[in-house]
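Chemist: Got a file for you: protein-v8.cif, mmCIF, C-alpha atoms.
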data_input
loop_
_atom_site.label_atom_id
_atom_site.label_comp_id
_atom_site.auth_asym_id
_atom_site.auth_seq_id
_atom_site.Cartn_x
_atom_site.Cartn_y
_atom_site.Cartn_z
CA MET O 1 103.10 -231.88 28.94
CA SER O 2 102.51 -228.18 28.61
CA THR O 3 102.18 -226.11 25.47
CA THR O 4 105.44 -224.39 26.40
CA ASN O 5 107.25 -227.57 25.34
CA THR O 6 108.61 -228.19 28.85
CA PHE O 7 108.92 -231.85 29.82
CA ALA O 8 109.33 -233.05 33.38
CA PRO O 9 111.80 -235.81 34.22
CA ILE O 10 110.10 -239.15 33.70
CA SER O 11 110.18 -240.03 37.42
CA SER O 12 107.60 -237.31 38.10
CA SER O 13 105.22 -238.73 35.48
CA PHE O 14 104.67 -241.89 37.51
CA ASN O 15 103.62 -239.88 40.56
CA GLU O 16 100.60 -238.50 38.73
CA ASN O 17 97.18 -240.14 38.50
CA ARG O 18 96.97 -243.27 36.44
CA ILE O 19 95.25 -243.12 33.07
CA GLY O 20 92.69 -245.73 34.07
CA LEU O 21 91.79 -247.40 30.79
CA PRO O 22 89.49 -250.44 31.08
CA ARG O 23 91.12 -253.79 30.34
CA LYS O 24 90.71 -254.89 26.72
CA SER O 25 90.87 -251.27 25.54
CA LYS O 26 92.58 -250.88 22.19
CA ILE O 27 96.03 -249.30 22.30
CA THR O 28 98.26 -248.61 19.32
CA VAL O 29 101.99 -248.29 19.94
CA VAL O 30 104.17 -246.75 17.23
CA GLY O 31 107.81 -247.83 17.41
CA ALA O 32 109.13 -251.35 18.12
CA GLY O 33 112.47 -250.39 19.67
CA ALA O 34 113.52 -250.91 23.28
CA PHE O 35 110.84 -248.57 24.67
CA GLY O 36 107.93 -249.35 22.36
CA GLY O 37 108.55 -253.07 22.13
CA TRP O 38 108.76 -253.71 25.87
CA THR O 39 105.83 -251.38 26.64
CA SER O 40 103.67 -253.17 24.07
CA LEU O 41 104.52 -256.52 25.64
CA TYR O 42 103.62 -255.37 29.16
CA LEU O 43 100.44 -253.61 27.99
CA LEU O 44 99.45 -256.91 26.39
CA ARG O 45 100.26 -258.81 29.58
CA ASN O 46 98.08 -256.35 31.50
CA GLY O 47 95.07 -257.28 29.40
CA PHE O 48 94.97 -254.60 26.69
CA ASP O 49 94.32 -255.15 22.98
CA VAL O 50 97.62 -253.93 21.54
CA THR O 51 98.73 -253.18 17.99
CA LEU O 52 102.43 -252.40 17.48
CA VAL O 53 103.57 -250.60 14.34
CA ASP O 54 107.12 -250.01 13.08
CA ALA O 55 108.30 -248.80 9.69
CA TRP O 56 111.35 -251.07 9.32
CA GLY O 57 110.80 -253.67 12.01
CA PRO O 58 112.38 -254.40 15.43
CA GLY O 59 116.15 -254.09 15.64
CA ASN O 60 116.48 -252.54 12.20
CA SER O 61 119.76 -250.88 11.24
CA ARG O 62 118.35 -247.35 11.30
CA SER O 63 117.16 -247.57 14.89
CA SER O 64 118.82 -246.61 18.16
CA SER O 65 118.03 -250.14 19.33
CA GLY O 66 119.92 -251.76 16.45
CA ASP O 67 123.57 -252.88 16.43
CA GLU O 68 124.77 -256.00 18.18
CA THR O 69 125.18 -255.05 21.84
CA ARG O 70 124.55 -252.45 24.54
CA VAL O 71 126.15 -251.95 27.97
CA ILE O 72 123.96 -252.54 31.01
CA ARG O 73 125.11 -250.72 34.17
CA SER O 74 123.52 -249.15 37.21
CA THR O 75 125.85 -246.18 37.66
CA TYR O 76 124.09 -242.80 37.35
CA GLY O 77 125.78 -240.60 39.91
CA ALA O 78 123.33 -239.39 42.55
CA ASN O 79 120.22 -240.38 40.55
CA GLU O 80 118.51 -243.14 42.50
CA PHE O 81 115.56 -243.38 40.13
CA TYR O 82 117.77 -244.63 37.30
CA PHE O 83 119.77 -246.92 39.60
CA LYS O 84 116.56 -248.51 40.87
CA SER O 85 115.20 -248.75 37.33
CA ASN O 86 118.31 -250.63 36.26
CA VAL O 87 117.98 -253.03 39.20
CA ARG O 88 114.43 -253.86 38.13
CA ALA O 89 115.38 -254.02 34.46
CA LEU O 90 118.11 -256.52 35.19
CA GLN O 91 115.62 -258.72 37.04
CA LEU O 92 113.23 -258.57 34.09
CA TRP O 93 115.94 -259.24 31.51
CA LYS O 94 116.85 -262.41 33.40
CA GLU O 95 113.22 -263.50 33.89
CA ASN O 96 112.31 -263.06 30.25
CA GLU O 97 115.42 -264.71 28.82
CA GLN O 98 114.62 -267.75 30.97
CA LEU O 99 111.03 -267.67 29.74
CA TRP O 100 112.17 -267.53 26.12
CA GLY O 101 115.14 -269.88 26.46
CA LYS O 102 117.47 -267.31 24.91
CA GLN O 103 120.48 -265.62 26.51
CA LEU O 104 120.33 -261.86 26.09
CA PHE O 105 122.31 -260.66 29.13
CA PHE O 106 126.03 -261.40 29.47
CA ASN O 107 127.37 -260.79 32.97
CA THR O 108 130.91 -259.69 32.08
CA GLY O 109 130.93 -256.83 34.61
CA VAL O 110 131.51 -253.14 33.84
CA LEU O 111 134.90 -251.57 34.54
CA TRP O 112 135.05 -247.79 35.13
CA PHE O 113 138.44 -246.18 34.41
CA CYS O 114 138.89 -243.25 36.82
CA TYR O 115 141.50 -240.53 36.28
CA GLN O 116 141.11 -238.74 39.62
CA LYS O 117 140.64 -239.79 43.23
CA ASP O 118 137.08 -238.43 43.22
CA ASN O 119 134.67 -239.33 40.41
CA PRO O 120 131.10 -238.27 41.31
CA TRP O 121 129.54 -240.20 38.43
CA VAL O 122 130.58 -243.42 40.17
CA ASP O 123 131.19 -242.29 43.76
CA ASP O 124 127.67 -240.89 44.21
CA SER O 125 126.16 -244.22 43.13
CA ILE O 126 128.01 -246.23 45.77
CA PRO O 127 125.35 -245.67 48.51
CA PHE O 128 122.72 -247.05 46.12
CA SER O 129 124.90 -250.03 45.27
CA LYS O 130 124.94 -250.89 48.96
CA LYS O 131 121.23 -250.17 49.47
CA TYR O 132 120.23 -252.48 46.59
CA LYS O 133 122.91 -255.08 47.36
CA MET O 134 124.72 -254.53 44.06
CA GLU O 135 128.04 -253.33 45.44
CA TYR O 136 131.02 -252.29 43.35
CA GLU O 137 134.62 -253.37 43.84
CA TYR O 138 137.41 -250.80 44.16
CA LEU O 139 140.49 -251.69 42.12
CA SER O 140 143.85 -250.02 42.61
CA CYS O 141 146.22 -249.78 39.65
CA ASP O 142 148.13 -252.71 41.14
CA ASP O 143 144.90 -254.72 41.23
CA MET O 144 144.19 -253.87 37.61
CA ALA O 145 147.72 -254.68 36.51
CA ARG O 146 147.28 -258.20 37.89
CA ARG O 147 143.80 -258.75 36.50
CA TYR O 148 143.86 -256.80 33.25
CA PRO O 149 147.41 -256.60 31.86
CA ALA O 150 146.07 -255.44 28.48
CA VAL O 151 145.09 -252.06 29.98
CA ASN O 152 147.54 -249.14 30.08
CA LEU O 153 147.22 -247.65 33.58
CA GLU O 154 149.72 -244.79 33.46
CA ASP O 155 147.17 -241.95 33.59
CA LEU O 156 144.58 -243.70 35.80
CA HIS O 157 144.13 -243.30 39.54
CA HIS O 158 141.97 -246.40 40.09
CA ALA O 159 138.95 -248.24 38.72
CA TRP O 160 135.60 -249.46 39.96
CA LEU O 161 134.24 -252.81 38.86
CA ASP O 162 130.48 -253.27 38.77
CA PRO O 163 130.33 -257.09 38.85
CA HIS O 164 126.57 -257.14 38.28
CA GLY O 165 126.59 -255.41 34.89
CA GLY O 166 127.79 -256.43 31.47
CA TYR O 167 126.22 -256.27 28.06
CA LEU O 168 122.95 -257.10 26.32
CA LYS O 169 122.25 -258.38 22.84
CA ALA O 170 120.56 -255.38 21.24
CA ARG O 171 119.17 -256.25 17.80
CA GLU O 172 118.39 -259.81 18.90
CA SER O 173 116.63 -258.55 22.03
CA CYS O 174 114.28 -256.31 20.07
CA GLN O 175 113.40 -259.22 17.82
CA ALA O 176 112.91 -261.57 20.79
CA VAL O 177 110.55 -259.09 22.47
CA ASN O 178 108.60 -258.72 19.25
CA GLN O 179 108.34 -262.49 18.79
CA ALA O 180 107.07 -262.84 22.37
CA PHE O 181 104.57 -260.04 21.79
CA ILE O 182 103.15 -261.81 18.74
CA HIS O 183 103.23 -265.24 20.42
CA GLU O 184 101.28 -263.88 23.40
CA GLY O 185 98.54 -262.43 21.18
CA GLY O 186 99.70 -258.99 20.09
CA LYS O 187 99.37 -257.68 16.55
CA PHE O 188 102.46 -256.35 14.78
CA ILE O 189 102.32 -254.36 11.54
CA GLN O 190 105.36 -253.24 9.57
CA ALA O 191 104.38 -249.89 8.11
CA TYR O 192 105.02 -246.19 8.43
CA ALA O 193 102.40 -244.62 10.72
CA LYS O 194 101.25 -241.01 10.75
CA PRO O 195 98.85 -239.70 13.42
CA VAL O 196 95.75 -237.72 12.54
CA VAL O 197 95.23 -235.15 15.32
CA ALA O 198 91.91 -233.28 15.39
CA GLY O 199 89.37 -232.18 17.95
CA GLY O 200 91.76 -232.55 20.86
CA LYS O 201 92.62 -236.19 20.22
CA VAL O 202 94.30 -238.60 17.83
CA GLU O 203 91.48 -239.80 15.62
CA SER O 204 93.56 -242.53 13.99
CA VAL O 205 96.95 -243.41 12.63
CA VAL O 206 97.23 -243.76 8.87
CA LEU O 207 99.64 -246.43 7.63
CA SER O 208 101.74 -246.31 4.49
CA SER O 209 99.59 -249.19 3.24
CA GLY O 210 96.56 -246.88 3.33
CA GLU O 211 95.03 -248.68 6.29
CA LYS O 212 93.70 -246.63 9.21
CA ILE O 213 93.94 -247.84 12.80
CA PHE O 214 91.41 -246.60 15.35
CA SER O 215 92.20 -247.09 19.03
CA ASP O 216 91.20 -245.87 22.46
CA ALA O 217 94.75 -244.68 23.18
CA TYR O 218 97.99 -244.18 21.31
CA LEU O 219 101.60 -244.34 22.48
CA PHE O 220 104.34 -242.92 20.29
CA ALA O 221 107.75 -244.43 21.09
CA CYS O 222 109.44 -243.63 17.80
CA GLY O 223 112.94 -242.95 19.11
CA ALA O 224 114.97 -240.65 16.90
CA TRP O 225 111.92 -239.97 14.74
CA LEU O 226 109.85 -238.32 17.48
CA GLY O 227 111.13 -234.86 16.61
CA GLN O 228 110.15 -235.36 12.97
CA LEU O 229 106.74 -236.85 13.78
CA PHE O 230 105.80 -234.03 16.17
CA PRO O 231 107.98 -231.09 15.08
CA GLU O 232 105.77 -228.46 16.72
CA ILE O 233 106.24 -229.90 20.23
CA LEU O 234 109.37 -232.03 20.00
CA GLY O 235 111.42 -230.47 17.22
CA ASN O 236 113.69 -228.73 19.72
CA LYS O 237 113.31 -231.30 22.51
CA ILE O 238 114.43 -234.50 20.78
CA ILE O 239 117.72 -234.10 18.93
CA CYS O 240 119.17 -236.97 16.93
CA THR O 241 122.98 -237.17 16.83
CA LYS O 242 125.35 -239.41 14.92
CA GLN O 243 127.28 -241.71 17.27
CA GLU O 244 129.98 -243.92 15.84
CA VAL O 245 130.91 -247.45 16.91
CA TYR O 246 133.93 -249.42 15.72
CA TYR O 247 134.91 -253.08 15.84
CA PHE O 248 138.64 -253.77 15.88
CA GLY O 249 140.33 -257.10 15.34
CA ALA O 250 142.43 -258.30 18.29
CA PRO O 251 145.80 -259.96 17.61
CA VAL O 252 145.37 -263.63 16.87
CA GLU O 253 147.64 -264.75 19.70
CA LYS O 254 145.84 -262.57 22.29
CA ALA O 255 142.25 -262.60 21.05
CA LYS O 256 140.82 -264.41 24.06
CA ASN O 257 142.64 -262.10 26.48
CA PHE O 258 140.86 -259.13 24.95
CA ASP O 259 137.53 -260.94 24.60
CA ASP O 260 137.55 -261.81 28.31
CA LEU O 261 137.80 -258.21 29.50
CA PRO O 262 134.71 -256.67 31.15
CA ALA O 263 132.71 -254.03 29.39
CA TRP O 264 134.39 -250.71 30.22
CA ILE O 265 133.77 -246.97 30.38
CA ASP O 266 136.55 -244.36 30.31
CA LEU O 267 135.81 -241.33 32.52
CA ASP O 268 138.08 -238.91 30.69
CA GLY O 269 135.59 -236.06 31.09
CA SER O 270 135.40 -235.45 27.35
CA ASP O 271 134.80 -238.25 24.87
CA TYR O 272 133.70 -240.93 27.36
CA TYR O 273 134.71 -243.84 25.19
CA TYR O 274 133.17 -247.16 26.16
CA GLY O 275 133.74 -250.68 24.96
CA ILE O 276 132.35 -254.19 24.84
CA PRO O 277 135.14 -256.73 24.36
CA GLY O 278 134.10 -260.07 22.96
CA ASN O 279 130.82 -258.65 21.75
CA ALA O 280 129.49 -261.92 20.34
CA HIS O 281 132.84 -262.43 18.57
CA ARG O 282 132.27 -259.40 16.35
CA GLY O 283 135.55 -257.82 17.47
CA PHE O 284 136.73 -255.41 20.15
CA LYS O 285 133.92 -252.84 20.18
CA ILE O 286 134.56 -249.21 21.07
CA GLY O 287 131.90 -246.50 21.05
CA VAL O 288 132.09 -242.70 21.17
CA ASP O 289 129.65 -241.33 23.76
CA LYS O 290 130.49 -237.67 23.16
CA ARG O 291 127.57 -236.24 21.20
CA GLY O 292 128.20 -236.14 17.47
CA GLU O 293 126.78 -234.12 14.62
CA ILE O 294 123.05 -233.68 13.99
CA PHE O 295 121.83 -236.68 12.05
CA ASP O 296 118.77 -237.64 9.99
CA PRO O 297 117.79 -241.17 11.11
CA THR O 298 115.95 -241.88 7.84
CA TYR O 299 118.24 -240.52 5.14
CA GLY O 300 121.58 -240.21 6.93
CA GLU O 301 124.25 -242.58 5.64
CA ARG O 302 125.81 -244.93 8.18
CA VAL O 303 129.44 -244.20 7.35
CA TYR O 304 132.15 -243.16 9.79
CA ASN O 305 133.81 -239.76 9.97
CA PRO O 306 137.56 -240.26 9.31
CA GLU O 307 138.50 -237.67 11.96
CA THR O 308 136.34 -239.33 14.61
CA LEU O 309 137.82 -242.73 13.76
CA SER O 310 141.36 -241.34 13.87
CA LYS O 311 140.78 -239.91 17.32
CA ALA O 312 139.26 -243.20 18.53
CA ARG O 313 142.27 -245.10 17.16
CA LYS O 314 144.58 -242.80 19.10
CA PHE O 315 142.65 -243.49 22.29
CA ILE O 316 142.50 -247.25 21.86
CA SER O 317 146.24 -247.38 21.08
CA HIS O 318 146.86 -245.56 24.34
CA ARG O 319 144.47 -247.42 26.62
CA PHE O 320 144.99 -250.85 25.03
CA PRO O 321 148.51 -250.84 23.51
CA GLY O 322 148.10 -254.36 22.15
CA LEU O 323 145.47 -252.99 19.75
CA LYS O 324 147.69 -250.24 18.34
CA ASP O 325 147.71 -251.68 14.83
CA ALA O 326 144.41 -253.56 15.06
CA PRO O 327 142.46 -253.57 11.80
CA LEU O 328 138.99 -252.04 11.62
CA LEU O 329 136.58 -254.93 11.01
CA GLU O 330 133.27 -253.08 11.00
CA SER O 331 131.78 -249.72 11.85
CA ARG O 332 128.24 -248.73 12.78
CA VAL O 333 126.32 -245.54 13.39
CA CYS O 334 124.05 -245.54 16.42
CA PRO O 335 121.64 -242.56 16.33
CA TYR O 336 121.18 -241.11 19.81
CA GLU O 337 117.72 -239.74 20.53
CA ASN O 338 118.71 -237.01 22.97
CA SER O 339 116.35 -235.12 25.26
CA THR O 340 117.51 -231.67 26.36
CA ASP O 341 118.43 -232.81 29.88
CA GLY O 342 119.22 -236.47 29.21
CA ASN O 343 116.09 -237.67 31.03
CA PHE O 344 113.54 -240.01 29.53
CA ILE O 345 110.24 -238.48 28.48
CA PHE O 346 106.78 -239.87 29.21
CA GLU O 347 104.08 -237.27 28.80
CA LYS O 348 100.63 -236.72 27.33
CA HIS O 349 100.51 -235.04 23.94
CA PRO O 350 99.53 -231.39 24.64
CA HIS O 351 96.90 -231.33 21.88
CA ALA O 352 95.61 -234.91 22.04
CA GLN O 353 94.06 -236.22 25.25
CA ASN O 354 94.32 -239.89 24.17
CA ALA O 355 97.97 -239.87 23.06
CA TRP O 356 101.23 -240.20 25.00
CA ILE O 357 104.86 -239.79 24.06
CA LEU O 358 107.66 -242.05 25.34
CA GLY O 359 111.25 -241.34 24.40
CA GLY O 360 114.43 -239.48 25.21
CA GLY O 361 116.63 -242.57 25.43
CA SER O 362 119.66 -240.24 25.23
CA GLY O 363 122.15 -243.03 24.67
CA HIS O 364 121.39 -244.86 27.91
CA GLY O 365 117.80 -246.03 27.48
CA PHE O 366 118.17 -249.51 26.01
CA LYS O 367 119.03 -251.30 29.26
CA HIS O 368 115.97 -249.82 30.98
CA GLY O 369 113.55 -251.15 28.35
CA PRO O 370 111.75 -253.84 30.37
CA ALA O 371 111.52 -251.76 33.57
CA LEU O 372 110.31 -248.72 31.68
CA GLY O 373 107.83 -250.79 29.70
CA GLU O 374 106.47 -252.31 32.89
CA LEU O 375 106.10 -248.87 34.53
CA VAL O 376 104.39 -247.27 31.54
CA ALA O 377 102.03 -250.22 31.12
CA GLN O 378 100.98 -249.91 34.78
CA VAL O 379 100.16 -246.24 34.28
CA PHE O 380 97.54 -247.15 31.67
CA ILE O 381 95.61 -249.42 34.08
#
With the file now loaded, output its structure as structure tokens.
Modeler:
Amino acid sequence: MSTTNTFAPISSSFNENRIGLPRKSKITVVGAGAFGGWTSLYLLRNGFDVTLVDAWGPGNSRSSSGDETRVIRSTYGANEFYFKSNVRALQLWKENEQLWGKQLFFNTGVLWFCYQKDNPWVDDSIPFSKKYKMEYEYLSCDDMARRYPAVNLEDLHHAWLDPHGGYLKARESCQAVNQAFIHEGGKFIQAYAKPVVAGGKVESVVLSSGEKIFSDAYLFACGAWLGQLFPEILGNKIICTKQEVYYFGAPVEKAKNFDDLPAWIDLDGSDYYYGIPGNAHRGFKIGVDKRGEIFDPTYGERVYNPETLSKARKFISHRFPGLKDAPLLESRVCPYENSTDGNFIFEKHPHAQNAWILGGGSGHGFKHGPALGELVAQVFI
């Protein structure tokens, strides 16, 4: 990381020299979300002495890793790094859920609604789907009409089904990772942590309890709070936005029909609504991926904007006519921790030689948690 506040895409960070810390070195990780939690677990498994700190605990309602579920999909246009990362992440999700005896991944598939013949976001990923043996299925409107009669197809050209994707339990996953971390010998502390930077390094982190933690290295994976924790270097590089999620109640006579739909993403080129039907029986979930207003992750209230909800209702009534008069059961606010280019960030702190920053989830980071944690942990060896 340079003092000009320019971050390279995360893929370049792993091509640099490894950090080379001796095993059993003490590492403090701040932030127990998808990035910090998984990285802590893999650092621990690689033989480091790891302390994980989080102000409100894993999967808390303020975090970007909270809420009930997250989509897991491999489609990233022409970006092979993220496709490959998702392939590895999916392997690790499955391995760890077997290890813990807890289902976290639900293989419902991911259905992409395409308005035009050409859709680079999906089309450019097709070569990777073949390379990694995770091929998609092309569905004509006639195909969709037979399989998914609940979907209005009148303005769609076709769809692609990713049969390998689906959704993940979000809040429960963060808690499961944290439980595994503690069970395998890691130390977790619930407290607010503030770094003390002096003499070209982080001397310690001071906790809200008054305790000081001294370590050989520090990793800050604080999600939406990174910009507040390091305003001089990240204030304009990590922007937190308010993203709304709604849960609608399906008609009683057709509830299972809606619950059995795949996760879906609507490529309208504007709002990019996505949904997770079924969703652990919480209701028919629809999320707004278009970036919302600037949001304070600590003090911002988690209430929906009536205009945003009204627009989402209009969309869902169009795409899923059977939900036209569906009642709103719940609503959530998911704070996106956006980097300027949408890439993840993993870089050394420019003024502290023993501290690293991991973040920039940008609304698509959760699924990559185990693969990213594994990669980052390997860099420290």
Chemist: Considering only C-alpha atoms, can you say which of O:Phe220, O:Trp56, O:Phe284, O:Phe344 comes closest to Gly369 of chain O?
Modeler: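 Under the stated criterion, the closest residue is O:Phe344.
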Chemist: Considering only C-alpha atoms, can you say which of O:Thr298, O:Asn279, O:Gln190, O:Gln378 comes closest to Gly57 of chain O?
Modeler: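 Residue with the minimum atom-to-atom distance to Gly57 of chain O: O:Gln190.
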Chemist: At a cut-off of 7 Å, using only C-alpha atoms, what residues contact Glu374 of chain O? Leave out same-chain residues fewer than 4 positions from it and give the result as a VMD selection string.
Modeler: chain O and resid 39 42 370 378
Chemist: Would you translate the PyMOL selection byres ((chain O and resi 245) around 9) into the concrete set of residues it matches in this file, as a short mmCIF file (atom, residue, chain, number, x, y, z; two decimals) with C-alpha atoms, keeping the file's coordinate frame?
Modeler:
data_model
loop_
_atom_site.label_atom_id
_atom_site.label_comp_id
_atom_site.auth_asym_id
_atom_site.auth_seq_id
_atom_site.Cartn_x
_atom_site.Cartn_y
_atom_site.Cartn_z
CA GLN O 243 127.28 -241.71 17.27
CA GLU O 244 129.98 -243.92 15.84
CA TYR O 246 133.93 -249.42 15.72
CA TYR O 247 134.91 -253.08 15.84
CA LYS O 285 133.92 -252.84 20.18
CA ILE O 286 134.56 -249.21 21.07
CA GLY O 287 131.90 -246.50 21.05
CA VAL O 288 132.09 -242.70 21.17
CA TYR O 304 132.15 -243.16 9.79
CA LEU O 309 137.82 -242.73 13.76
CA GLU O 330 133.27 -253.08 11.00
CA SER O 331 131.78 -249.72 11.85
CA ARG O 332 128.24 -248.73 12.78
CA VAL O 333 126.32 -245.54 13.39
CA CYS O 334 124.05 -245.54 16.42
#
Chemist: Given the file shown, determine the residues that the PyMOL selection byres ((chain O and resi 340) around 8) selects; report them as a JSON list (two decimals) with C-alpha atoms, in the coordinates of the input.
Modeler:
[["chain", "number", "residue", "atom", "x", "y", "z"],
["O", 237, "LYS", "CA", 113.31, -231.30, 22.51],
["O", 238, "ILE", "CA", 114.43, -234.50, 20.78],
["O", 239, "ILE", "CA", 117.72, -234.10, 18.93],
["O", 338, "ASN", "CA", 118.71, -237.01, 22.97],
["O", 339, "SER", "CA", 116.35, -235.12, 25.26],
["O", 341, "ASP", "CA", 118.43, -232.81, 29.88],
["O", 342, "GLY", "CA", 119.22, -236.47, 29.21],
["O", 343, "ASN", "CA", 116.09, -237.67, 31.03]]
Chemist: From the set O:Gly165, O:Pro58, O:Gly66, O:Pro251, which residue has the shortest atom-to-atom contact distance to Asp325 of chain O, counting all atoms listed in the file?
Modeler: O:Pro251
Chemist: Rounded to one decimal, what separation in Å do you get between atom CA of Tyr82 of chain O and atom CA of Glu184 of chain O?
Modeler: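 Taking atom CA of Tyr82 of chain O as the start and atom CA of Glu184 of chain O as the end point, the length is 28.9 Å.
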Chemist: How far is it from atom CA of Gly101 of chain O to atom CA of Lys133 of chain O, in Å with one decimal?
Modeler: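 About the pair atom CA of Gly101 of chain O and atom CA of Lys133 of chain O: they are 26.8 Å apart.
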Chemist: Given all atoms listed in the file as the basis, pick out the residue of O:Asp268, O:Leu323, O:Lys256, O:Pro195 nearest to His349 of chain O.
Modeler: O:Pro195
Chemist: Excluding Lys212 of chain O and any residue of its chain fewer than 6 positions from it, enumerate the residues within 12 Å of it, using all atoms listed in the file, and give them as a PyMOL selection string.
Modeler: chain O and resi 28+53+189+191-196+202-206
Chemist: Measuring atom to atom with only C-alpha atoms, identify which of O:Ser25, O:Ser173, O:Ser140, O:Ser215 is nearest to Asn96 of chain O.
Modeler: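 For Asn96 of chain O, the nearest of the given residues is O:Ser173.
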Chemist: List the neighbours of Arg319 of chain O out to 12 Å using all atoms listed in the file; skip same-chain residues closer than 2 positions along the sequence, and give me the result as a PyMOL selection string.
Modeler: chain O and resi 113+148-156+264-266+268+273-275+286+312-317+321-324
Chemist: Of the candidates O:Ile27, O:Leu358, O:Leu168, O:Ala198, which one gets nearest to Arg73 of chain O if we count all atoms listed in the file?
Modeler: O:Leu168
Chemist: Could you tell me how far atom CA of Phe83 of chain O sits from atom CA of Tyr167 of chain O, in Å to one decimal place?
Modeler: 16.2 Å
Chemist: Just so the selection is clear, what residues does the PyMOL selection byres ((chain O and resi 93) around 10) cover here, as a PyMOL selection string?
Modeler: chain O and resi 88-92+94-99+103-105+168+173+367-371
Chemist: Using all atoms listed in the file, which protein or nucleic acid residues come within 12 Å of Tyr132 of chain O? Drop anything in the same chain fewer than 6 positions from it, and give the result as a list in words.
Modeler: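 The filter keeps Ser74, Glu80, Phe83, Lys84, Ser85, Asn86, Val87, Arg88, Ser125, Ile126 and His164 of chain O.
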Chemist: For the structure just given, write the atoms of segment 207-224 of chain O, namely N, CA and C atoms, as a PDB file, in the first residue's frame.
Modeler:
ATOM      1  N   LEU O 207      -8.226  -2.215  24.037  1.00  0.00           N
ATOM      2  CA  LEU O 207      -9.611  -2.662  24.039  1.00  0.00           C
ATOM      3  C   LEU O 207     -10.481  -1.738  24.887  1.00  0.00           C
ATOM      4  N   SER O 208     -11.761  -1.769  24.643  1.00  0.00           N
ATOM      5  CA  SER O 208     -12.698  -0.945  25.408  1.00  0.00           C
ATOM      6  C   SER O 208     -12.707  -1.329  26.881  1.00  0.00           C
ATOM      7  N   SER O 209     -12.228  -2.526  27.187  1.00  0.00           N
ATOM      8  CA  SER O 209     -12.110  -2.967  28.582  1.00  0.00           C
ATOM      9  C   SER O 209     -10.912  -2.352  29.288  1.00  0.00           C
ATOM     10  N   GLY O 210     -10.034  -1.696  28.515  1.00  0.00           N
ATOM     11  CA  GLY O 210      -8.803  -1.139  29.065  1.00  0.00           C
ATOM     12  C   GLY O 210      -7.594  -2.029  28.848  1.00  0.00           C
ATOM     13  N   GLU O 211      -7.839  -3.276  28.483  1.00  0.00           N
ATOM     14  CA  GLU O 211      -6.751  -4.216  28.228  1.00  0.00           C
ATOM     15  C   GLU O 211      -5.987  -3.823  26.970  1.00  0.00           C
ATOM     16  N   LYS O 212      -4.679  -4.081  26.971  1.00  0.00           N
ATOM     17  CA  LYS O 212      -3.848  -3.884  25.788  1.00  0.00           C
ATOM     18  C   LYS O 212      -3.374  -5.239  25.285  1.00  0.00           C
ATOM     19  N   ILE O 213      -3.403  -5.419  23.967  1.00  0.00           N
ATOM     20  CA  ILE O 213      -2.920  -6.657  23.368  1.00  0.00           C
ATOM     21  C   ILE O 213      -1.675  -6.352  22.549  1.00  0.00           C
ATOM     22  N   PHE O 214      -0.611  -7.084  22.843  1.00  0.00           N
ATOM     23  CA  PHE O 214       0.654  -6.921  22.125  1.00  0.00           C
ATOM     24  C   PHE O 214       0.882  -8.167  21.266  1.00  0.00           C
ATOM     25  N   SER O 215       1.147  -7.961  19.995  1.00  0.00           N
ATOM     26  CA  SER O 215       1.331  -9.085  19.082  1.00  0.00           C
ATOM     27  C   SER O 215       2.481  -8.813  18.125  1.00  0.00           C
ATOM     28  N   ASP O 216       2.885  -9.865  17.429  1.00  0.00           N
ATOM     29  CA  ASP O 216       3.931  -9.715  16.413  1.00  0.00           C
ATOM     30  C   ASP O 216       3.370  -9.111  15.126  1.00  0.00           C
ATOM     31  N   ALA O 217       2.090  -9.372  14.868  1.00  0.00           N
ATOM     32  CA  ALA O 217       1.460  -8.849  13.653  1.00  0.00           C
ATOM     33  C   ALA O 217      -0.018  -8.617  13.939  1.00  0.00           C
ATOM     34  N   TYR O 218      -0.599  -7.709  13.147  1.00  0.00           N
ATOM     35  CA  TYR O 218      -1.997  -7.346  13.323  1.00  0.00           C
ATOM     36  C   TYR O 218      -2.687  -7.349  11.957  1.00  0.00           C
ATOM     37  N   LEU O 219      -3.896  -7.894  11.930  1.00  0.00           N
ATOM     38  CA  LEU O 219      -4.707  -7.879  10.722  1.00  0.00           C
ATOM     39  C   LEU O 219      -6.035  -7.216  11.057  1.00  0.00           C
ATOM     40  N   PHE O 220      -6.366  -6.174  10.290  1.00  0.00           N
ATOM     41  CA  PHE O 220      -7.606  -5.450  10.522  1.00  0.00           C
ATOM     42  C   PHE O 220      -8.582  -5.808   9.405  1.00  0.00           C
ATOM     43  N   ALA O 221      -9.630  -6.553   9.783  1.00  0.00           N
ATOM     44  CA  ALA O 221     -10.657  -6.992   8.837  1.00  0.00           C
ATOM     45  C   ALA O 221     -12.009  -6.530   9.379  1.00  0.00           C
ATOM     46  N   CYS O 222     -12.134  -5.222   9.522  1.00  0.00           N
ATOM     47  CA  CYS O 222     -13.262  -4.624  10.248  1.00  0.00           C
ATOM     48  C   CYS O 222     -14.446  -4.261   9.370  1.00  0.00           C
ATOM     49  N   GLY O 223     -14.442  -4.720   8.119  1.00  0.00           N
ATOM     50  CA  GLY O 223     -15.588  -4.491   7.259  1.00  0.00           C
ATOM     51  C   GLY O 223     -15.905  -3.022   7.078  1.00  0.00           C
ATOM     52  N   ALA O 224     -17.156  -2.683   7.297  1.00  0.00           N
ATOM     53  CA  ALA O 224     -17.636  -1.320   7.059  1.00  0.00           C
ATOM     54  C   ALA O 224     -17.003  -0.297   7.980  1.00  0.00           C
TER      55      ALA O 224
END
